[in-house]
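Asks: Let me begin by handing over the structure; questions about it come next.
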Amino acid sequence: MGKNGVWNRAAIRDKIRWLIVESGASGKSNQASVITRKIESTMFEHVPLTVHEAFSGIAGSISLACWIFLLVPQLIENYRQSSADGISITFLLVWMAGDITNLAGALWADLVPTVIALAIYFCFADAVLLSQCFYYNTLNARRERKRSIAAAENAVTDENAPLLAEQENLGLPGSRRRSSAASRRRTRSSAERSNSLTNILEEGQGSTAWLKNTLSVAIILIAGAAGWAIAWRAGAWKPTPVDVSDGGRHMPVGAEVLGYASAVCYLGARIPQIIKNHRERSCEGLSLLFFLLSLMGNLTYGAGILLHSVEKQYFLKNLPWLIGSLGTIFEDAVIFMQFHMYGEKTSAIE
């Protein structure tokens, strides 16, 4: 074992091979290798479940649940409004570039199949959300052009409307003035009642939205933890030792470069959305639950890595993914501040 009780596979492997060779398998390197792999496999199948390993597994499972359902709230929000004006297309394009480089890096590094499958799912979900956004943007642009043409045609027709209105008020002196004053009073009274009702409805909707979002996050947290417990009981999940040796397998340089490129994309993706929200002074059209799940997914993903081990080699190997996950938390916090500052006009899944 190495520091902090972490298994050093290389040291144990070398010790086993030395003992086999000394016991009479000298000159039979192939036989020694086979025996070594069998003994090593048996030893590491029974790695004890520590508290750190358990929390690491739970955090990883919760993170997986967050990522699986991440884009669903925004898809529903766009569908409800029949519009994707609230979300920045640049944000989605850079985000997808991060997922593509993440998938390429996972394939290059020959990571476990579950990681590769999840990366493929991310790219597919990105493509679905982008397709939906392009569809609504194109559809609404056509409708806007038709409305502009209709408005231009109606403007010509309405040029004679003021003359007709004046003729209707020629009956008694001051009739138009009294009518206008009464109309203004009625309009003002109606507007005040409408504003009061709108404020009451918005307050109720805001409370309902936060309740729904809180319940959704709680359900995903419970589902992630329960999923880990079931997988552990069924033997589908086992604690794995960390290979912290300097020798042996290393991540290819190209895969590591792609990992850092993915981290840069994830860090930069939210900037266009933050700028868009600031310019429009609004977060309308964005799903708050989308960013809540992103925050939870990044937090639990980083926690799962750090709880597994803090060994230097392991930490450096996972540094690109730590930067990409933990680094975006600050940007998510900025977007939460914008929701608070500009008012949450629509963010719940209703």
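Simple scheme: letters A, B, ... for chains in structure tokens order, numbers from 1 for residues in each chain, numbers from 1 for ligands in the order shown.
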Name the residues in contact with Asp332 in chain A at a cut-off of 8 Å, using only C-alpha atoms, excluding same-chain residues fewer than 2 positions from it; report them as a ChimeraX atom specification.
Replies: /A:270,291,294-295,328-330,334-336
Asks: Since we have the selection now, will you write its residues out, keeping C-alpha atoms, as a compact mmCIF listing (two decimals), in the first residue's frame?
Replies:
```
# COMPACT_ATOMS: atom_id res chain seq x y z
CA ARG A 270 -21.47 30.15 -20.21
CA PHE A 291 -28.52 25.45 -14.20
CA SER A 294 -25.50 21.70 -13.87
CA LEU A 295 -24.28 23.04 -10.53
CA THR A 328 -17.90 26.36 -14.05
CA ILE A 329 -19.45 26.60 -10.59
CA PHE A 330 -18.51 30.29 -10.35
CA VAL A 334 -23.25 34.46 -11.73
CA ILE A 335 -26.27 33.19 -13.68
CA PHE A 336 -28.14 32.56 -10.40
```
Asks: Listing only residues of range 209-313 of chain A within 7 Å of range 96-113 of chain A, what is the closest atom pair and its distance in Å (to one decimal) for each, using only C-alpha atoms, sorted by chain and residue number ascending, as a Markdown table?
Replies:
```
| residue | atom | partner | partner_atom | distance |
| --- | --- | --- | --- | --- |
| A:Met251 | CA | A:Ala109 | CA | 5.9 |
| A:Pro252 | CA | A:Ala109 | CA | 6.2 |
| A:Ala255 | CA | A:Gly105 | CA | 4.4 |
| A:Glu256 | CA | A:Gly105 | CA | 7.0 |
| A:Leu258 | CA | A:Gly105 | CA | 5.2 |
| A:Gly259 | CA | A:Gly105 | CA | 5.9 |
| A:Ala261 | CA | A:Thr101 | CA | 6.8 |
| A:Ser262 | CA | A:Gly98 | CA | 4.3 |
| A:Ala263 | CA | A:Gly98 | CA | 6.9 |
| A:Cys265 | CA | A:Gly98 | CA | 4.8 |
| A:Tyr266 | CA | A:Gly98 | CA | 5.7 |
```
Asks: Those residues you just picked out, can you put them in a file as a PDB file, in the first residue's frame with C-alpha atoms?
Replies:
```pdb
ATOM      1  CA  MET A 251      -2.804   8.707 -20.558  1.00  0.00           C
ATOM      2  CA  PRO A 252      -1.793   9.528 -24.162  1.00  0.00           C
ATOM      3  CA  ALA A 255      -6.084  12.505 -25.000  1.00  0.00           C
ATOM      4  CA  GLU A 256      -4.794  14.794 -22.270  1.00  0.00           C
ATOM      5  CA  LEU A 258      -8.337  16.985 -25.666  1.00  0.00           C
ATOM      6  CA  GLY A 259      -9.236  16.848 -21.991  1.00  0.00           C
ATOM      7  CA  ALA A 261      -9.560  21.584 -24.611  1.00  0.00           C
ATOM      8  CA  SER A 262     -12.840  20.220 -23.285  1.00  0.00           C
ATOM      9  CA  ALA A 263     -12.279  22.029 -19.976  1.00  0.00           C
ATOM     10  CA  CYS A 265     -14.854  24.896 -23.799  1.00  0.00           C
ATOM     11  CA  TYR A 266     -16.898  24.191 -20.678  1.00  0.00           C
TER      12      TYR A 266
END
```
Asks: Contacts of range 58-64 of chain A at 12 Å or less, counting only C-alpha atoms, minus same-chain residues fewer than 3 places along, as number ranges by chain?
Replies: A: 51-55, 67-70, 114-115, 117-119, 121-122, 217-232, 237-239, 293-308, 325
Asks: Give me, please, the distance in Å between CA of Leu292 in chain A and CA of Asn213 in chain A, quoted to one decimal.
Replies: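 According to the coordinates, CA of Leu292 in chain A and CA of Asn213 in chain A are separated by 8.2 Å.
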Asks: Residues within 12 Å of Leu139 in chain A, please, as a PyMOL selection string. Count only C-alpha atoms; anything in the same chain fewer than 4 positions from it doesn't count.
Replies: chain A and resi 82-85+132-135+143-146
Asks: From the list A:Val264, A:Leu286, A:Leu211, A:Leu49, which residue is nearest Leu322 in chain A when using only C-alpha atoms?
Replies: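 Using only C-alpha atoms, Leu322 in chain A sits closest to A:Val264.
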Asks: Let me make sure I understand: among A:Glu311, A:Leu129, A:Tyr260, A:Tyr342, which one has the smallest atom-to-atom distance to Glu77 in chain A if we use only C-alpha atoms?
Replies: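 Answer, going by the shortest atom-to-atom distance: A:Leu129.
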Asks: Would you list the contacts of Lys276 in chain A as a PyMOL selection string, taking every protein, DNA or RNA residue within 9 Å and counting only C-alpha atoms, but skipping same-chain residues closer than 6 positions in sequence?
Replies: chain A and resi 86-88+282-283
Asks: Between CA of Ala209 in chain A and CA of Ser287 in chain A, measure the distance and give it in Å to one decimal.
Replies: 10.1 Å
Asks: Taking into account only C-alpha atoms, which residue in the set A:Gln338, A:Gln81, A:Thr90, A:Ser148 is nearest to Gly268 in chain A?
Replies: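 With only C-alpha atoms as the atom set, the closest residue is A:Thr90.
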Asks: Considering only C-alpha atoms, can you say which of A:Pro320, A:Val310, A:Ala127, A:Ile89 comes closest to Ser56 in chain A?
Replies: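 Closest to Ser56 in chain A, using only C-alpha atoms: A:Val310.
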Asks: Go ahead and compute the interatomic distance for CA of Ser216 in chain A and CA of Leu289 in chain A, in Å to one decimal.
Replies: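 These atoms are spaced 8.1 Å apart.
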